[in-house]
>>> print(open('coords39.cif').read())   # mmCIF, C-alpha atoms and all ligand atoms
data_data
#
loop_
_atom_site.group_PDB
_atom_site.id
_atom_site.type_symbol
_atom_site.label_atom_id
_atom_site.label_comp_id
_atom_site.auth_asym_id
_atom_site.auth_seq_id
_atom_site.Cartn_x
_atom_site.Cartn_y
_atom_site.Cartn_z
ATOM 1 C CA MET U 590 -6.468 5.161 -23.383
ATOM 2 C CA ILE U 591 -5.251 4.479 -19.849
ATOM 3 C CA LEU U 592 -7.841 3.765 -17.131
ATOM 4 C CA ASN U 593 -6.855 5.306 -13.789
ATOM 5 C CA LYS U 594 -8.065 3.383 -10.708
ATOM 6 C CA VAL U 595 -7.514 4.629 -7.168
ATOM 7 C CA TYR U 596 -6.363 2.221 -4.437
ATOM 8 C CA THR U 597 -5.427 2.616 -0.781
ATOM 9 C CA LEU U 598 -2.447 1.131 1.032
ATOM 10 C CA VAL U 599 -2.212 1.488 4.825
ATOM 11 C CA PHE U 600 0.748 0.808 7.112
ATOM 12 C CA LEU U 601 0.309 0.638 10.886
ATOM 13 C CA ARG U 602 3.475 1.403 12.812
ATOM 14 C CA ASN U 603 4.840 1.693 16.296
ATOM 15 C CA GLU U 604 8.287 2.637 17.596
ATOM 16 C CA GLN U 605 9.843 -0.730 16.813
ATOM 17 C CA GLN U 606 7.668 -2.442 14.224
ATOM 18 C CA ILE U 607 5.476 -2.192 11.148
ATOM 19 C CA LEU U 608 2.389 -4.330 10.464
ATOM 20 C CA LEU U 609 2.407 -6.160 7.124
ATOM 21 C CA GLY U 610 -0.005 -8.714 5.715
ATOM 22 C CA LEU U 611 0.707 -11.754 3.572
ATOM 23 C CA LYS U 612 -1.777 -11.628 0.707
ATOM 24 C CA LYS U 613 -3.576 -14.977 0.552
ATOM 25 C CA ARG U 614 -5.396 -14.562 -2.765
ATOM 26 C CA GLY U 615 -5.769 -12.403 -5.871
ATOM 27 C CA PHE U 616 -3.480 -9.593 -6.939
ATOM 28 C CA GLY U 617 -0.120 -9.756 -5.145
ATOM 29 C CA VAL U 618 -0.782 -13.236 -3.707
ATOM 30 C CA ASN U 619 2.047 -14.524 -1.473
ATOM 31 C CA LYS U 620 3.583 -11.067 -1.090
ATOM 32 C CA TRP U 621 3.819 -9.072 2.133
ATOM 33 C CA ASN U 622 2.277 -5.631 1.820
ATOM 34 C CA GLY U 623 0.325 -2.992 3.648
ATOM 35 C CA PHE U 624 -3.475 -3.259 3.776
ATOM 36 C CA GLY U 625 -5.693 -1.761 1.117
ATOM 37 C CA GLY U 626 -7.616 -2.122 -2.083
ATOM 38 C CA LYS U 627 -9.821 -0.418 -4.598
ATOM 39 C CA VAL U 628 -11.743 2.713 -3.712
ATOM 40 C CA GLU U 629 -15.374 1.977 -4.556
ATOM 41 C CA PRO U 630 -17.434 4.324 -6.751
ATOM 42 C CA LYS U 631 -18.587 7.365 -4.716
ATOM 43 C CA GLU U 632 -16.510 6.230 -1.729
ATOM 44 C CA GLU U 633 -14.105 8.710 -0.121
ATOM 45 C CA ILE U 634 -10.476 7.626 -0.181
ATOM 46 C CA LEU U 635 -10.090 7.820 3.613
ATOM 47 C CA ASP U 636 -13.291 5.802 4.110
ATOM 48 C CA ALA U 637 -11.914 3.160 1.746
ATOM 49 C CA ALA U 638 -8.618 3.061 3.660
ATOM 50 C CA VAL U 639 -10.448 2.533 6.987
ATOM 51 C CA ARG U 640 -12.757 -0.110 5.442
ATOM 52 C CA GLU U 641 -9.991 -2.130 3.755
ATOM 53 C CA LEU U 642 -7.853 -2.143 6.908
ATOM 54 C CA LYS U 643 -10.770 -3.516 8.921
ATOM 55 C CA GLU U 644 -11.731 -6.070 6.268
ATOM 56 C CA GLU U 645 -8.197 -7.350 5.784
ATOM 57 C CA CYS U 646 -6.807 -7.531 9.338
ATOM 58 C CA CYS U 647 -9.636 -6.459 11.692
ATOM 59 C CA MET U 648 -7.802 -3.313 12.829
ATOM 60 C CA SER U 649 -9.606 -0.016 13.399
ATOM 61 C CA VAL U 650 -8.247 3.418 12.660
ATOM 62 C CA ARG U 651 -9.897 6.802 12.705
ATOM 63 C CA LYS U 652 -9.712 8.822 9.530
ATOM 64 C CA HIS U 653 -7.927 11.714 11.235
ATOM 65 C CA ASN U 654 -5.172 9.336 12.354
ATOM 66 C CA LEU U 655 -4.369 8.308 8.778
ATOM 67 C CA LYS U 656 -1.503 10.339 7.371
ATOM 68 C CA ASN U 657 -1.190 10.393 3.585
ATOM 69 C CA ILE U 658 2.536 9.861 3.108
ATOM 70 C CA GLY U 659 2.833 8.806 -0.505
ATOM 71 C CA ASN U 660 1.410 8.322 -3.942
ATOM 72 C CA LEU U 661 2.490 5.390 -6.108
ATOM 73 C CA GLN U 662 1.446 4.876 -9.701
ATOM 74 C CA PHE U 663 1.834 1.474 -11.319
ATOM 75 C CA THR U 664 1.446 0.508 -14.964
ATOM 76 C CA PHE U 665 2.029 -2.858 -16.558
ATOM 77 C CA GLU U 666 3.360 -3.369 -20.078
ATOM 78 C CA GLY U 667 0.465 -4.158 -22.448
ATOM 79 C CA GLU U 668 -2.234 -3.252 -19.908
ATOM 80 C CA ALA U 669 -4.471 -0.183 -20.076
ATOM 81 C CA LEU U 670 -4.775 0.220 -16.286
ATOM 82 C CA MET U 671 -2.882 2.627 -14.063
ATOM 83 C CA MET U 672 -3.096 1.759 -10.370
ATOM 84 C CA ASP U 673 -3.043 5.054 -8.497
ATOM 85 C CA VAL U 674 -2.178 4.021 -4.945
ATOM 86 C CA ARG U 675 -2.591 6.424 -2.014
ATOM 87 C CA VAL U 676 -0.274 5.368 0.798
ATOM 88 C CA PHE U 677 -1.139 6.052 4.436
ATOM 89 C CA SER U 678 0.623 5.572 7.735
ATOM 90 C CA ALA U 679 -0.923 5.460 11.210
ATOM 91 C CA THR U 680 0.579 5.196 14.669
ATOM 92 C CA SER U 681 -2.728 5.416 16.502
ATOM 93 C CA PHE U 682 -5.126 2.495 16.017
ATOM 94 C CA VAL U 683 -7.230 -0.026 17.916
ATOM 95 C CA GLY U 684 -7.371 -3.814 17.933
ATOM 96 C CA ASP U 685 -5.254 -6.902 17.627
ATOM 97 C CA PRO U 686 -4.439 -7.974 14.074
ATOM 98 C CA GLU U 687 -6.367 -11.074 13.008
ATOM 99 C CA GLU U 688 -6.000 -13.344 10.022
ATOM 100 C CA THR U 689 -8.774 -12.969 7.464
ATOM 101 C CA GLU U 690 -9.644 -14.686 4.194
ATOM 102 C CA GLU U 691 -7.471 -12.144 2.389
ATOM 103 C CA MET U 692 -4.477 -11.455 4.634
ATOM 104 C CA LEU U 693 -2.240 -12.963 7.287
ATOM 105 C CA PRO U 694 -0.982 -10.026 9.398
ATOM 106 C CA LYS U 695 2.361 -9.971 11.196
ATOM 107 C CA TRP U 696 4.459 -7.311 12.950
ATOM 108 C CA PHE U 697 8.002 -6.912 11.607
ATOM 109 C CA ASP U 698 10.969 -5.183 13.223
ATOM 110 C CA TYR U 699 12.172 -2.338 11.006
ATOM 111 C CA ASP U 700 15.446 -4.143 10.293
ATOM 112 C CA LYS U 701 13.640 -7.383 9.345
ATOM 113 C CA ILE U 702 11.244 -6.222 6.645
ATOM 114 C CA PRO U 703 10.910 -9.156 4.180
ATOM 115 C CA PHE U 704 11.711 -7.281 0.963
ATOM 116 C CA GLU U 705 12.533 -10.527 -0.854
ATOM 117 C CA ASP U 706 8.844 -11.507 -0.499
ATOM 118 C CA MET U 707 7.376 -8.095 -1.345
ATOM 119 C CA TRP U 708 6.721 -6.180 -4.552
ATOM 120 C CA LEU U 709 10.022 -5.175 -6.213
ATOM 121 C CA ASP U 710 9.145 -1.499 -5.955
ATOM 122 C CA ASP U 711 8.818 -1.615 -2.176
ATOM 123 C CA LYS U 712 12.506 -1.559 -1.404
ATOM 124 C CA LEU U 713 12.805 1.597 -3.538
ATOM 125 C CA TRP U 714 10.262 3.700 -1.647
ATOM 126 C CA PHE U 715 10.229 2.117 1.839
ATOM 127 C CA PRO U 716 13.260 4.238 2.840
ATOM 128 C CA TYR U 717 11.038 7.325 2.476
ATOM 129 C CA LEU U 718 8.269 5.777 4.559
ATOM 130 C CA LEU U 719 10.690 4.672 7.250
ATOM 131 C CA LYS U 720 12.205 8.167 7.483
ATOM 132 C CA ASP U 721 8.747 9.797 7.587
ATOM 133 C CA LYS U 722 9.324 11.543 4.272
ATOM 134 C CA LEU U 723 6.576 12.166 1.737
ATOM 135 C CA PHE U 724 7.073 10.563 -1.648
ATOM 136 C CA TYR U 725 5.790 10.079 -5.184
ATOM 137 C CA GLY U 726 6.793 7.112 -7.319
ATOM 138 C CA ARG U 727 5.876 5.845 -10.766
ATOM 139 C CA PHE U 728 6.757 2.305 -11.797
ATOM 140 C CA HIS U 729 6.271 0.556 -15.121
ATOM 141 C CA TYR U 730 6.348 -3.221 -14.813
ATOM 142 C CA GLN U 731 6.794 -6.010 -17.315
ATOM 143 C CA GLY U 732 4.810 -8.816 -15.763
ATOM 144 C CA TYR U 733 5.003 -8.738 -11.985
ATOM 145 C CA ASP U 734 8.701 -9.464 -11.455
ATOM 146 C CA LYS U 735 10.494 -6.867 -13.559
ATOM 147 C CA ILE U 736 10.467 -3.070 -13.386
ATOM 148 C CA LEU U 737 11.206 -1.609 -16.837
ATOM 149 C CA ASN U 738 11.516 1.978 -15.621
ATOM 150 C CA TYR U 739 10.634 4.110 -12.636
ATOM 151 C CA THR U 740 10.954 7.514 -11.057
ATOM 152 C CA ILE U 741 10.718 8.351 -7.396
ATOM 153 C CA GLN U 742 10.967 11.653 -5.591
ATOM 154 C CA GLU U 743 10.547 13.190 -2.185
ATOM 155 C CA LEU U 744 7.653 15.641 -1.863
ATOM 156 C CA ASN U 745 7.246 18.681 0.354
ATOM 157 C CA SER U 746 3.499 18.198 0.595
ATOM 158 C CA MET U 747 0.848 15.714 -0.596
ATOM 159 C CA GLU U 748 -1.368 18.536 -1.842
ATOM 160 C CA ARG U 749 -2.476 18.087 -5.431
ATOM 161 C CA LYS U 750 -2.114 21.053 -7.737
HETATM 162 C C1 LIG C 1 2.899 -3.286 -8.335
HETATM 163 O O1 LIG C 1 3.444 -2.875 -7.118
HETATM 164 C C2 LIG C 1 2.738 -2.716 -5.987
HETATM 165 N N1 LIG C 1 3.453 -2.570 -4.861
HETATM 166 C C3 LIG C 1 2.836 -2.441 -3.675
HETATM 167 N N2 LIG C 1 3.580 -2.305 -2.564
HETATM 168 N N3 LIG C 1 1.495 -2.430 -3.529
HETATM 169 C C4 LIG C 1 0.788 -2.556 -4.639
HETATM 170 C C5 LIG C 1 1.347 -2.698 -5.909
HETATM 171 N N4 LIG C 1 0.329 -2.770 -6.801
HETATM 172 C C6 LIG C 1 -0.814 -2.703 -6.107
HETATM 173 N N5 LIG C 1 -0.540 -2.556 -4.807
HETATM 174 C C7 LIG C 1 -1.485 -2.497 -3.681
HETATM 175 C C8 LIG C 1 -2.608 -1.540 -3.867
HETATM 176 C C9 LIG C 1 -3.688 -2.191 -3.031
HETATM 177 O O2 LIG C 1 -3.484 -1.882 -1.653
HETATM 178 C C10 LIG C 1 -3.449 -3.663 -3.235
HETATM 179 C C11 LIG C 1 -4.253 -4.264 -4.360
HETATM 180 O O3 LIG C 1 -5.582 -4.228 -4.021
HETATM 181 P P1 LIG C 1 -6.569 -5.433 -4.426
HETATM 182 O O4 LIG C 1 -6.460 -5.704 -5.870
HETATM 183 O O5 LIG C 1 -6.358 -6.551 -3.500
HETATM 184 O O6 LIG C 1 -7.911 -4.692 -4.142
HETATM 185 P P2 LIG C 1 -9.237 -5.240 -3.475
HETATM 186 O O7 LIG C 1 -10.231 -4.137 -3.598
HETATM 187 O O8 LIG C 1 -8.955 -5.723 -2.076
HETATM 188 O O9 LIG C 1 -9.554 -6.401 -4.434
HETATM 189 P P3 LIG C 1 -10.571 -7.606 -4.341
HETATM 190 O O10 LIG C 1 -11.630 -7.214 -3.352
HETATM 191 O O11 LIG C 1 -11.060 -7.716 -5.756
HETATM 192 O O12 LIG C 1 -9.748 -8.789 -3.891
HETATM 193 O O13 LIG C 1 -2.066 -3.790 -3.580
#
>>> encode(input="coords39.cif", output="structure tokens")
Amino acid sequence: MILNKVYTLVFLRNEQQILLGLKKRGFGVNKWNGFGGKVEPKEEILDAAVRELKEECCMSVRKHNLKNIGNLQFTFEGEALMMDVRVFSATSFVGDPEETEEMLPKWFDYDKIPFEDMWLDDKLWFPYLLKDKLFYGRFHYQGYDKILNYTIQELNSMERK
């Protein structure tokens, strides 16, 4: 049986740049990514997104400024976990990004996103994010450096049926 766990992943953006964080420990260490993590039991997904963003780079965002732009599902060969990742984007936020124990934040120009130091899947769905399109993707990994199969599609709405 597959265990489904919900995670958040938040990207702060402005006209020219996107904020990424270099993961300093744990899952995805040494990769650039958005900010997020596990949704705690009984926690609302938006509350978790706000909390993880603050914990990981000291930035504040209001729930109504978080736009759910994608859903990514990750499985790993031989593992019973499915990571169900809710992706959010925000252009309205408060603070200056600060390094924490978990993440080193840095703004990147849109044409300088460091895909070579990110999860392999990122370069497949970032084009949707960058064009403000909604997306769903499912990726099955072998280890952390090889995607065995995947599907990705544009969505008209993030509503769940
Ligand atoms: C496998 O491909 C992935 N690609 C991308 N771009 N992001 C991913 C992938 N798999 C997971 N993620 C995201 C989802 C979350 O935002 C983080 C993982 O969260 P983490 O394990 O660090 O969760 P925390 O609750 O912060 O964990 P600890 O408190 O136990 O450190 O990566």
>>> residues_near_ligand(input="coords39.cif", ligand="ligand LIG 1 (chain C)", cutoff="8 Å", atoms="all atoms listed in the file", output="JSON, numbers by chain")
{"U": [596, 597, 598, 599, 614, 615, 616, 617, 622, 623, 624, 625, 626, 627, 628, 641, 663, 664, 672, 674, 691, 707, 708, 709, 710, 711, 728, 730, 733]}
>>> atom_distance(input="coords39.cif", atom1="CA of Trp696 in chain U", atom2="CA of Ile634 in chain U")
24.9 Å
>>> closest_residue(input="coords39.cif", among="U:Arg640, U:Ile591, U:Leu635, U:Cys646", to="Lys695 in chain U", atoms="only C-alpha atoms")
U:Cys646
>>> closest_residue(input="coords39.cif", among="U:His653, U:Lys701, U:Lys712, U:Arg602", to="Ala679 in chain U", atoms="only C-alpha atoms")
U:Arg602
>>> atom_distance(input="coords39.cif", atom1="CA of Lys735 in chain U", atom2="CA of Leu609 in chain U")
22.2 Å
>>> atom_distance(input="coords39.cif", atom1="CA of Met692 in chain U", atom2="CA of Leu608 in chain U")
11.5 Å
>>> residues_near_point(input="coords39.cif", point="(3.2, 16.2, 1.1)", cutoff="10 Å", atoms="all atoms listed in the file", output="list in words")
Lys656, Asn657, Ile658, Gly659, Asn660, Lys722, Leu723, Phe724, Tyr725, Glu743, Leu744, Asn745, Ser746, Met747, Glu748 and Arg749 of chain U
>>> decode(input="coords39.cif", residues="range 671-709 of chain U", atoms="N, CA and C atoms", output="short mmCIF file (atom, residue, chain, number, x, y, z; two decimals), in the first residue's frame")
data_model
loop_
_atom_site.label_atom_id
_atom_site.label_comp_id
_atom_site.auth_asym_id
_atom_site.auth_seq_id
_atom_site.Cartn_x
_atom_site.Cartn_y
_atom_site.Cartn_z
N MET U 671 4.21 8.22 -1.37
CA MET U 671 4.00 9.17 -2.45
C MET U 671 4.01 10.57 -1.86
N MET U 672 4.93 11.40 -2.35
CA MET U 672 4.98 12.80 -1.90
C MET U 672 4.02 13.58 -2.79
N ASP U 673 3.01 14.14 -2.17
CA ASP U 673 1.96 14.87 -2.87
C ASP U 673 2.23 16.36 -2.61
N VAL U 674 2.86 17.02 -3.56
CA VAL U 674 3.40 18.36 -3.31
C VAL U 674 2.49 19.43 -3.93
N ARG U 675 2.00 20.33 -3.09
CA ARG U 675 1.16 21.43 -3.55
C ARG U 675 2.05 22.65 -3.76
N VAL U 676 2.08 23.12 -5.01
CA VAL U 676 3.01 24.19 -5.38
C VAL U 676 2.27 25.54 -5.38
N PHE U 677 2.90 26.52 -4.76
CA PHE U 677 2.31 27.86 -4.66
C PHE U 677 3.28 28.91 -5.19
N SER U 678 2.67 29.99 -5.69
CA SER U 678 3.47 31.13 -6.13
C SER U 678 2.90 32.38 -5.44
N ALA U 679 3.79 33.32 -5.11
CA ALA U 679 3.32 34.58 -4.53
C ALA U 679 4.17 35.73 -5.06
N THR U 680 3.50 36.83 -5.36
CA THR U 680 4.21 38.03 -5.80
C THR U 680 4.08 39.14 -4.77
N SER U 681 3.31 38.87 -3.72
CA SER U 681 3.14 39.85 -2.66
C SER U 681 3.58 39.20 -1.36
N PHE U 682 4.60 39.78 -0.72
CA PHE U 682 5.19 39.17 0.47
C PHE U 682 5.96 40.24 1.22
N VAL U 683 6.40 39.90 2.43
CA VAL U 683 7.09 40.89 3.27
C VAL U 683 8.37 40.29 3.82
N GLY U 684 9.43 41.10 3.87
CA GLY U 684 10.66 40.67 4.51
C GLY U 684 11.84 40.67 3.57
N ASP U 685 13.00 40.41 4.17
CA ASP U 685 14.21 40.19 3.39
C ASP U 685 14.65 38.77 3.66
N PRO U 686 14.92 37.99 2.61
CA PRO U 686 15.27 36.58 2.83
C PRO U 686 16.53 36.46 3.70
N GLU U 687 16.45 35.54 4.66
CA GLU U 687 17.60 35.32 5.56
C GLU U 687 17.97 33.84 5.57
N GLU U 688 19.25 33.58 5.69
CA GLU U 688 19.71 32.20 5.80
C GLU U 688 19.24 31.61 7.12
N THR U 689 18.80 30.36 7.06
CA THR U 689 18.39 29.65 8.28
C THR U 689 19.18 28.34 8.36
N GLU U 690 18.87 27.55 9.40
CA GLU U 690 19.58 26.27 9.53
C GLU U 690 19.27 25.35 8.36
N GLU U 691 18.13 25.57 7.72
CA GLU U 691 17.69 24.64 6.66
C GLU U 691 18.00 25.12 5.24
N MET U 692 17.96 26.43 5.02
CA MET U 692 18.04 26.95 3.66
C MET U 692 18.90 28.20 3.53
N LEU U 693 19.58 28.29 2.39
CA LEU U 693 20.29 29.52 2.03
C LEU U 693 19.54 30.16 0.84
N PRO U 694 18.79 31.24 1.09
CA PRO U 694 17.98 31.81 0.01
C PRO U 694 18.78 32.72 -0.91
N LYS U 695 18.35 32.76 -2.18
CA LYS U 695 19.01 33.64 -3.15
C LYS U 695 18.03 33.93 -4.29
N TRP U 696 18.02 35.20 -4.74
CA TRP U 696 17.19 35.56 -5.89
C TRP U 696 17.92 35.20 -7.18
N PHE U 697 17.19 34.63 -8.13
CA PHE U 697 17.77 34.27 -9.43
C PHE U 697 16.99 34.96 -10.54
N ASP U 698 17.73 35.53 -11.51
CA ASP U 698 17.09 36.01 -12.73
C ASP U 698 16.42 34.82 -13.42
N TYR U 699 15.33 35.09 -14.13
CA TYR U 699 14.60 33.99 -14.77
C TYR U 699 15.43 33.24 -15.81
N ASP U 700 16.42 33.90 -16.40
CA ASP U 700 17.24 33.19 -17.39
C ASP U 700 18.50 32.59 -16.76
N LYS U 701 18.55 32.61 -15.39
CA LYS U 701 19.75 32.03 -14.74
C LYS U 701 19.36 31.01 -13.65
N ILE U 702 18.23 30.38 -13.84
CA ILE U 702 17.78 29.39 -12.85
C ILE U 702 18.74 28.18 -12.90
N PRO U 703 19.26 27.75 -11.75
CA PRO U 703 20.34 26.74 -11.74
C PRO U 703 19.84 25.30 -11.85
N PHE U 704 19.22 24.97 -12.99
CA PHE U 704 18.60 23.65 -13.13
C PHE U 704 19.59 22.51 -12.90
N GLU U 705 20.85 22.73 -13.19
CA GLU U 705 21.84 21.65 -13.01
C GLU U 705 22.01 21.29 -11.53
N ASP U 706 21.62 22.18 -10.64
CA ASP U 706 21.71 21.91 -9.19
C ASP U 706 20.33 21.88 -8.55
N MET U 707 19.35 21.40 -9.32
CA MET U 707 17.98 21.27 -8.81
C MET U 707 17.51 19.84 -9.06
N TRP U 708 16.34 19.49 -8.51
CA TRP U 708 15.77 18.18 -8.82
C TRP U 708 15.59 18.07 -10.33
N LEU U 709 15.79 16.84 -10.86
CA LEU U 709 15.69 16.61 -12.31
C LEU U 709 14.32 17.01 -12.87
#
